[in-house]
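Quick notes on the structure that follows.
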Amino acid sequence: MSPTPPRAATRSRWRSWGERSQVERVELYAVQSLYTVLVGLLLLVNGSLVVRLSAEQAPVGVVAVVVAVVLAVVGCWALRAATDLWPRYGPLPRRRLAVTAAVCAAALAVAAALPDDPRTAVVLGVWGVLSVGLGGFRDPRVTGVVVVALPLVLGVPAGEVVVYAYGLGAGLFMLFTVRASLWIYGVVRELDGARQAQASLAVAEERLRFSRDVHDVLGRRLSEIAVQAELAARLAEAGDASAPARMEQVRGVAHDALREARALARGYRGTDLDQELQGARSLLSAAGITSEVALDGLPQHWREPTGWVVREAVTNVLRHSRATRVRIAWSSAGAGGTGTLVVRNDGVVDGATGSPGGSGLTGLAERLSPLGARLDAGRRGDDFVVEVLVPAADRAAVVS
């Protein structure tokens with residue numbers, strides 16, 4: 001079995017619903033609700049008991065309530081171990097299991113000395129700990145013990161066959177409920193891990209594409225330089241008058257290589273906006289992120305810089321956010337091409353600042369500055385926004 005992703009809620013458990021990721025929300029519903037079921041069962045049973053007892057029976061009621069509190073603590077302790085272990089079968093937390101079994105046995109011993117109503121409350125509490133607290137362990141040994149104990153815990157004190165059947169049937173239903181909840185949570189965790197791996201793979205593929213471009217351009221040019229230089233050297237040794245012309249060719253090839261290398265560093269061989277948008281959609285779709293593009297009215301002279309912004313912003317989304325949707329939009333603010341280019345995603349992470357603190361955004365801001373544009377990046381509400389303020393065409397530098 002492949003290793004399970006780390007638990008999503010390892011940071012703070014005291015955060016609002018809106019501050020949690022989708023995986024953490026599923027955990028809050030699927031896992032935390034199991035604690036609610038266990039504690040709620042004990043509170044319901046003992047609450048009804050306290051209401052029914054007379055003043056003379058108050059000491060007996062206090063004993064039953066104290067036992068219920070101990071059972072609730074131990075049951076939640078065992079349930080926590082089961083949820084941490086899921087979906088693995090082991091290693092079993094033997095100490096917790098032993099303590100839980102000992103507390104249940106002691107509670108049943110106390111119940112034997114109590115009157116009917118308090119005894120029923122304690123017995124139902126033990127039954128809840130077995131079915132919910134231990135129900136999440138997948139080890140067949142634990143499951144077998146729980147399945148055998150569930151009907152006995154209810155049936156032996158009552159001495160009726162129907163109670164045996166009820167204890168077994170209801171217990172199996174609770175086992176199914178607990179494991180179904182944990183299974184749903186486990187599936188969501190695995191899907192989230194797969195999405196993150198897919199996003200990382202998409203970024204790695206983009207890096208591989210860039211490395212292929214570097215190899216194609218510089219490898220070919222450097223090979224040409226080596227051949228031309230070797231030929232020029234042989235001509236010079238032979239006293240051939242064409243040797244200087246060959247060296248001029250070498251210099252020309254070197255200049256071409258330098259120009260293409262700068263083009264690669266600046267924009268992967270001259271950025272084509274349509275190709276960048278197509279690649280961005282493909283990458284975001286592969287990562288399970290929906291995208292929306294609204295670039296109507298984008299000035300022609302700003303298409304290539306927009307490709308730079310799209311590439312860097314989408315890469316940041318894949319690497320540094322938990323986004324589910326991305327919007328790329330252009331809004332015209334006046335005549336002559338003045339406007340704003342915005343890339344917005346809903347995957348803001350804790351600690352996001354209002355400045356382009358990453359090296360990628362810093363480099364992008366430096367590339368846009370000579371064009372007269374200003375880049376702002378940071379958290380705005382629940383979104384992270386990369387915004388580029390574009391100058392008018394007559395005040396913008398020419399993209400070379």
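Chain labels A, B, ... are given in the sequence in which chains occur in the structure tokens; within each chain residues are numbered consecutively from 1, and ligands are likewise numbered from 1 in the order shown.
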Please provide the set of residues having any atom within 12 Å of Gly128 of chain A, restricted to only C-alpha atoms, with same-chain residues fewer than 6 positions apart removed, written as a ChimeraX atom specification. /A:34-45,68,71-72,74-76,78-79,104,121-122,134-135,146,149-151,153-154,167,170-175,178
Surrounding residues of Ala323 of chain A excluding itself and chain neighbours under 6 positions, 6 Å, only C-alpha atoms, as number ranges by chain: A: 345-347
For the residues selected in the previous step, produce a file with C-alpha atoms as a compact mmCIF listing (two decimals), in the first residue's frame.
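File again-v6.txt, as written:
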```txt
# COMPACT_ATOMS: atom_id res chain seq x y z
CA ASN A 345 -6.90 32.80 -8.15
CA ASP A 346 -8.85 31.62 -5.12
CA GLY A 347 -6.02 29.57 -3.62
```
When DSSP is applied to the backbone of this structure, which of segment 253-343 of chain A are assigned alpha helix (DSSP H)? Write them out as an mmCIF file with N, CA, C and O atoms, in the first residue's frame.
```cif
data_model
loop_
_atom_site.group_PDB
_atom_site.id
_atom_site.type_symbol
_atom_site.label_atom_id
_atom_site.label_comp_id
_atom_site.auth_asym_id
_atom_site.auth_seq_id
_atom_site.Cartn_x
_atom_site.Cartn_y
_atom_site.Cartn_z
ATOM 1 N N VAL A 253 28.064 33.803 -35.642
ATOM 2 C CA VAL A 253 27.315 32.718 -35.012
ATOM 3 C C VAL A 253 27.231 32.932 -33.502
ATOM 4 O O VAL A 253 26.192 32.679 -32.868
ATOM 5 N N ALA A 254 28.341 33.405 -32.888
ATOM 6 C CA ALA A 254 28.338 33.664 -31.444
ATOM 7 C C ALA A 254 27.330 34.748 -31.088
ATOM 8 O O ALA A 254 26.613 34.652 -30.083
ATOM 9 N N HIS A 255 27.251 35.798 -31.914
ATOM 10 C CA HIS A 255 26.279 36.851 -31.667
ATOM 11 C C HIS A 255 24.843 36.307 -31.798
ATOM 12 O O HIS A 255 23.954 36.681 -31.005
ATOM 13 N N ASP A 256 24.640 35.449 -32.797
ATOM 14 C CA ASP A 256 23.312 34.850 -32.954
ATOM 15 C C ASP A 256 22.941 33.999 -31.735
ATOM 16 O O ASP A 256 21.795 34.031 -31.258
ATOM 17 N N ALA A 257 23.931 33.227 -31.254
ATOM 18 C CA ALA A 257 23.675 32.388 -30.078
ATOM 19 C C ALA A 257 23.348 33.243 -28.859
ATOM 20 O O ALA A 257 22.445 32.922 -28.074
ATOM 21 N N LEU A 258 24.092 34.355 -28.705
ATOM 22 C CA LEU A 258 23.837 35.232 -27.572
ATOM 23 C C LEU A 258 22.443 35.861 -27.665
ATOM 24 O O LEU A 258 21.713 35.947 -26.670
ATOM 25 N N ARG A 259 22.059 36.266 -28.862
ATOM 26 C CA ARG A 259 20.738 36.863 -29.044
ATOM 27 C C ARG A 259 19.625 35.852 -28.748
ATOM 28 O O ARG A 259 18.629 36.161 -28.084
ATOM 29 N N GLU A 260 19.795 34.621 -29.220
ATOM 30 C CA GLU A 260 18.778 33.609 -28.969
ATOM 31 C C GLU A 260 18.732 33.200 -27.493
ATOM 32 O O GLU A 260 17.664 32.892 -26.960
ATOM 33 N N ALA A 261 19.925 33.207 -26.844
ATOM 34 C CA ALA A 261 19.939 32.903 -25.409
ATOM 35 C C ALA A 261 19.192 33.972 -24.626
ATOM 36 O O ALA A 261 18.452 33.680 -23.678
ATOM 37 N N ARG A 262 19.393 35.234 -25.010
ATOM 38 C CA ARG A 262 18.649 36.316 -24.353
ATOM 39 C C ARG A 262 17.149 36.177 -24.610
ATOM 40 O O ARG A 262 16.329 36.433 -23.723
ATOM 41 N N ALA A 263 16.806 35.771 -25.824
ATOM 42 C CA ALA A 263 15.389 35.584 -26.139
ATOM 43 C C ALA A 263 14.782 34.467 -25.294
ATOM 44 O O ALA A 263 13.638 34.558 -24.834
ATOM 45 N N LEU A 264 15.575 33.397 -25.077
ATOM 46 C CA LEU A 264 15.093 32.303 -24.235
ATOM 47 C C LEU A 264 14.882 32.774 -22.808
ATOM 48 O O LEU A 264 13.849 32.503 -22.185
ATOM 49 N N ALA A 265 15.892 33.514 -22.265
ATOM 50 C CA ALA A 265 15.782 33.984 -20.889
ATOM 51 C C ALA A 265 14.640 34.981 -20.743
ATOM 52 O O ALA A 265 13.997 35.062 -19.695
ATOM 53 N N ARG A 266 14.386 35.744 -21.811
ATOM 54 C CA ARG A 266 13.362 36.765 -21.743
ATOM 55 C C ARG A 266 11.964 36.196 -21.966
ATOM 56 O O ARG A 266 10.994 36.648 -21.382
ATOM 57 N N GLY A 267 11.846 35.171 -22.777
ATOM 58 C CA GLY A 267 10.488 34.712 -23.055
ATOM 59 C C GLY A 267 10.388 33.443 -23.840
ATOM 60 O O GLY A 267 9.466 33.299 -24.641
ATOM 61 N N LEU A 273 1.319 34.758 -27.249
ATOM 62 C CA LEU A 273 0.260 34.776 -26.245
ATOM 63 C C LEU A 273 -0.714 33.620 -26.432
ATOM 64 O O LEU A 273 -1.135 32.984 -25.462
ATOM 65 N N ASP A 274 -1.102 33.337 -27.663
ATOM 66 C CA ASP A 274 -2.066 32.261 -27.891
ATOM 67 C C ASP A 274 -1.519 30.921 -27.409
ATOM 68 O O ASP A 274 -2.238 30.125 -26.787
ATOM 69 N N GLN A 275 -0.229 30.670 -27.677
ATOM 70 C CA GLN A 275 0.375 29.422 -27.210
ATOM 71 C C GLN A 275 0.456 29.390 -25.686
ATOM 72 O O GLN A 275 0.231 28.350 -25.065
ATOM 73 N N GLU A 276 0.787 30.541 -25.075
ATOM 74 C CA GLU A 276 0.869 30.578 -23.614
ATOM 75 C C GLU A 276 -0.498 30.325 -22.979
ATOM 76 O O GLU A 276 -0.604 29.615 -21.979
ATOM 77 N N LEU A 277 -1.530 30.917 -23.543
ATOM 78 C CA LEU A 277 -2.867 30.696 -23.003
ATOM 79 C C LEU A 277 -3.303 29.246 -23.167
ATOM 80 O O LEU A 277 -3.909 28.655 -22.258
ATOM 81 N N GLN A 278 -2.978 28.674 -24.319
ATOM 82 C CA GLN A 278 -3.319 27.266 -24.545
ATOM 83 C C GLN A 278 -2.574 26.375 -23.552
ATOM 84 O O GLN A 278 -3.153 25.449 -22.969
ATOM 85 N N GLY A 279 -1.274 26.659 -23.365
ATOM 86 C CA GLY A 279 -0.505 25.878 -22.399
ATOM 87 C C GLY A 279 -1.001 26.066 -20.974
ATOM 88 O O GLY A 279 -1.045 25.122 -20.186
ATOM 89 N N ALA A 280 -1.383 27.314 -20.630
ATOM 90 C CA ALA A 280 -1.886 27.579 -19.281
ATOM 91 C C ALA A 280 -3.175 26.812 -19.026
ATOM 92 O O ALA A 280 -3.368 26.210 -17.963
ATOM 93 N N ARG A 281 -4.088 26.836 -20.009
ATOM 94 C CA ARG A 281 -5.341 26.090 -19.839
ATOM 95 C C ARG A 281 -5.061 24.603 -19.639
ATOM 96 O O ARG A 281 -5.691 23.935 -18.816
ATOM 97 N N SER A 282 -4.119 24.078 -20.435
ATOM 98 C CA SER A 282 -3.800 22.658 -20.341
ATOM 99 C C SER A 282 -3.216 22.314 -18.981
ATOM 100 O O SER A 282 -3.606 21.325 -18.349
ATOM 101 N N LEU A 283 -2.272 23.152 -18.492
ATOM 102 C CA LEU A 283 -1.650 22.900 -17.198
ATOM 103 C C LEU A 283 -2.679 22.996 -16.075
ATOM 104 O O LEU A 283 -2.723 22.144 -15.189
ATOM 105 N N LEU A 284 -3.504 24.035 -16.096
ATOM 106 C CA LEU A 284 -4.492 24.202 -15.033
ATOM 107 C C LEU A 284 -5.528 23.087 -15.056
ATOM 108 O O LEU A 284 -5.943 22.580 -14.011
ATOM 109 N N SER A 285 -5.948 22.696 -16.254
ATOM 110 C CA SER A 285 -6.907 21.601 -16.355
ATOM 111 C C SER A 285 -6.321 20.311 -15.816
ATOM 112 O O SER A 285 -7.007 19.539 -15.140
ATOM 113 N N ALA A 286 -5.035 20.057 -16.116
ATOM 114 C CA ALA A 286 -4.383 18.844 -15.610
ATOM 115 C C ALA A 286 -4.315 18.845 -14.093
ATOM 116 O O ALA A 286 -4.316 17.786 -13.467
ATOM 117 N N ARG A 303 0.663 42.019 -26.193
ATOM 118 C CA ARG A 303 0.387 40.591 -26.226
ATOM 119 C C ARG A 303 1.568 39.773 -25.691
ATOM 120 O O ARG A 303 1.378 38.840 -24.912
ATOM 121 N N GLU A 304 2.786 40.099 -26.107
ATOM 122 C CA GLU A 304 3.931 39.314 -25.634
ATOM 123 C C GLU A 304 4.167 39.493 -24.137
ATOM 124 O O GLU A 304 4.341 38.488 -23.422
ATOM 125 N N PRO A 305 4.182 40.720 -23.570
ATOM 126 C CA PRO A 305 4.310 40.832 -22.108
ATOM 127 C C PRO A 305 3.192 40.121 -21.353
ATOM 128 O O PRO A 305 3.407 39.593 -20.266
ATOM 129 N N THR A 306 1.992 40.103 -21.937
ATOM 130 C CA THR A 306 0.906 39.367 -21.294
ATOM 131 C C THR A 306 1.244 37.881 -21.216
ATOM 132 O O THR A 306 0.918 37.206 -20.234
ATOM 133 N N GLY A 307 1.903 37.365 -22.242
ATOM 134 C CA GLY A 307 2.355 35.978 -22.206
ATOM 135 C C GLY A 307 3.320 35.728 -21.062
ATOM 136 O O GLY A 307 3.267 34.680 -20.406
ATOM 137 N N TRP A 308 4.220 36.703 -20.786
ATOM 138 C CA TRP A 308 5.132 36.548 -19.642
ATOM 139 C C TRP A 308 4.341 36.463 -18.338
ATOM 140 O O TRP A 308 4.615 35.615 -17.487
ATOM 141 N N VAL A 309 3.370 37.376 -18.203
ATOM 142 C CA VAL A 309 2.593 37.425 -16.961
ATOM 143 C C VAL A 309 1.799 36.135 -16.773
ATOM 144 O O VAL A 309 1.754 35.562 -15.672
ATOM 145 N N VAL A 310 1.174 35.658 -17.846
ATOM 146 C CA VAL A 310 0.376 34.438 -17.765
ATOM 147 C C VAL A 310 1.249 33.256 -17.338
ATOM 148 O O VAL A 310 0.877 32.469 -16.459
ATOM 149 N N ARG A 311 2.426 33.145 -17.963
ATOM 150 C CA ARG A 311 3.290 32.007 -17.650
ATOM 151 C C ARG A 311 3.723 32.019 -16.185
ATOM 152 O O ARG A 311 3.646 31.016 -15.488
ATOM 153 N N GLU A 312 4.196 33.168 -15.692
ATOM 154 C CA GLU A 312 4.681 33.235 -14.321
ATOM 155 C C GLU A 312 3.550 33.065 -13.310
ATOM 156 O O GLU A 312 3.687 32.351 -12.316
ATOM 157 N N ALA A 313 2.408 33.718 -13.566
ATOM 158 C CA ALA A 313 1.293 33.638 -12.624
ATOM 159 C C ALA A 313 0.747 32.221 -12.536
ATOM 160 O O ALA A 313 0.439 31.723 -11.444
ATOM 161 N N VAL A 314 0.614 31.544 -13.664
ATOM 162 C CA VAL A 314 0.087 30.178 -13.669
ATOM 163 C C VAL A 314 1.069 29.229 -12.977
ATOM 164 O O VAL A 314 0.675 28.327 -12.238
ATOM 165 N N THR A 315 2.367 29.435 -13.206
ATOM 166 C CA THR A 315 3.368 28.611 -12.525
ATOM 167 C C THR A 315 3.260 28.781 -11.016
ATOM 168 O O THR A 315 3.330 27.810 -10.255
ATOM 169 N N ASN A 316 3.072 30.026 -10.550
ATOM 170 C CA ASN A 316 2.915 30.261 -9.120
ATOM 171 C C ASN A 316 1.657 29.601 -8.576
ATOM 172 O O ASN A 316 1.647 29.090 -7.451
ATOM 173 N N VAL A 317 0.582 29.634 -9.349
ATOM 174 C CA VAL A 317 -0.657 28.988 -8.917
ATOM 175 C C VAL A 317 -0.424 27.497 -8.694
ATOM 176 O O VAL A 317 -0.847 26.915 -7.689
ATOM 177 N N LEU A 318 0.263 26.871 -9.637
ATOM 178 C CA LEU A 318 0.494 25.428 -9.542
ATOM 179 C C LEU A 318 1.430 25.075 -8.397
ATOM 180 O O LEU A 318 1.268 24.041 -7.748
ATOM 181 N N ARG A 319 2.398 25.938 -8.124
ATOM 182 C CA ARG A 319 3.424 25.587 -7.140
ATOM 183 C C ARG A 319 3.097 26.055 -5.729
ATOM 184 O O ARG A 319 3.535 25.432 -4.759
ATOM 185 N N HIS A 320 2.358 27.148 -5.596
ATOM 186 C CA HIS A 320 2.266 27.783 -4.286
ATOM 187 C C HIS A 320 0.841 28.008 -3.785
ATOM 188 O O HIS A 320 0.650 28.751 -2.830
#
```
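Inside segment 135-324 of chain A, the residues DSSP reads as strand (DSSP E) when given the backbone are Thr290, Ser291, Glu292, Val293 and Ala294 of chain A.
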For the selection just defined, write its residues with N, CA and C atoms to a file, as a JSON list (two decimals), in the first residue's frame.
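Writing the result to part-v6.json gives the following:
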```
[["chain", "number", "residue", "atom", "x", "y", "z"],
["A", 290, "THR", "N", -10.13, 25.16, -12.80],
["A", 290, "THR", "CA", -10.86, 25.78, -13.90],
["A", 290, "THR", "C", -10.26, 27.13, -14.22],
["A", 291, "SER", "N", -10.29, 27.50, -15.49],
["A", 291, "SER", "CA", -9.69, 28.77, -15.91],
["A", 291, "SER", "C", -10.68, 29.55, -16.76],
["A", 292, "GLU", "N", -10.56, 30.87, -16.67],
["A", 292, "GLU", "CA", -11.39, 31.78, -17.45],
["A", 292, "GLU", "C", -10.49, 32.87, -18.01],
["A", 293, "VAL", "N", -10.62, 33.13, -19.29],
["A", 293, "VAL", "CA", -9.79, 34.14, -19.97],
["A", 293, "VAL", "C", -10.71, 35.18, -20.60],
["A", 294, "ALA", "N", -10.46, 36.45, -20.30],
["A", 294, "ALA", "CA", -11.23, 37.56, -20.87],
["A", 294, "ALA", "C", -10.25, 38.66, -21.25]]
```
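Take atom CA of Arg367 of chain A and atom CA of Ala392 of chain A: the distance between them is 17.3 Å.
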Between atom CA of Ala109 of chain A and atom CA of Gly159 of chain A, distance in Å (one decimal): 16.5 Å
What lies within 9 Å of Arg380 of chain A using only C-alpha atoms, ignoring chain neighbours under 3 positions off, as a short mmCIF file (atom, residue, chain, number, x, y, z; two decimals) with N, CA, C and O atoms, in the first residue's frame?
```cif
data_model
loop_
_atom_site.label_atom_id
_atom_site.label_comp_id
_atom_site.auth_asym_id
_atom_site.auth_seq_id
_atom_site.Cartn_x
_atom_site.Cartn_y
_atom_site.Cartn_z
N VAL A 348 -5.43 31.41 -2.14
CA VAL A 348 -4.50 32.16 -1.30
C VAL A 348 -4.04 31.30 -0.13
O VAL A 348 -4.81 30.52 0.43
N GLY A 354 1.57 41.50 0.38
CA GLY A 354 1.12 42.38 -0.66
C GLY A 354 2.18 42.74 -1.65
O GLY A 354 2.00 43.60 -2.49
N ASP A 383 -8.70 35.90 -2.25
CA ASP A 383 -7.99 35.60 -3.50
C ASP A 383 -6.57 36.13 -3.44
O ASP A 383 -6.23 37.01 -2.64
N PHE A 384 -5.74 35.57 -4.32
CA PHE A 384 -4.40 36.11 -4.55
C PHE A 384 -4.40 36.70 -5.96
O PHE A 384 -4.79 36.04 -6.91
N VAL A 385 -3.95 37.94 -6.07
CA VAL A 385 -4.09 38.69 -7.31
C VAL A 385 -2.73 39.17 -7.79
O VAL A 385 -1.93 39.71 -7.01
#
```
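With distances restricted to only C-alpha atoms, A:Gln249 is the closest residue to Arg221 of chain A from A:Ser181, A:Ser48, A:Ser200, A:Gln249.
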Residues within 9 Å of Gln22 of chain A, please, as a ChimeraX atom specification. Count only C-alpha atoms; anything in the same chain fewer than 4 positions from it doesn't count. /A:26-27,188,192
Could you write those residues out with C-alpha atoms, as a PDB file, in the first residue's frame?
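For reference, again_18.pdb as written:
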```pdb
ATOM      1  CA  VAL A  26     -14.003  16.930   4.729  1.00  0.00           C
ATOM      2  CA  GLU A  27     -12.008  15.949   7.795  1.00  0.00           C
ATOM      3  CA  VAL A 188     -10.415  12.833  -0.571  1.00  0.00           C
ATOM      4  CA  ASP A 192      -5.785  15.886  -3.139  1.00  0.00           C
TER       5      ASP A 192
END
```
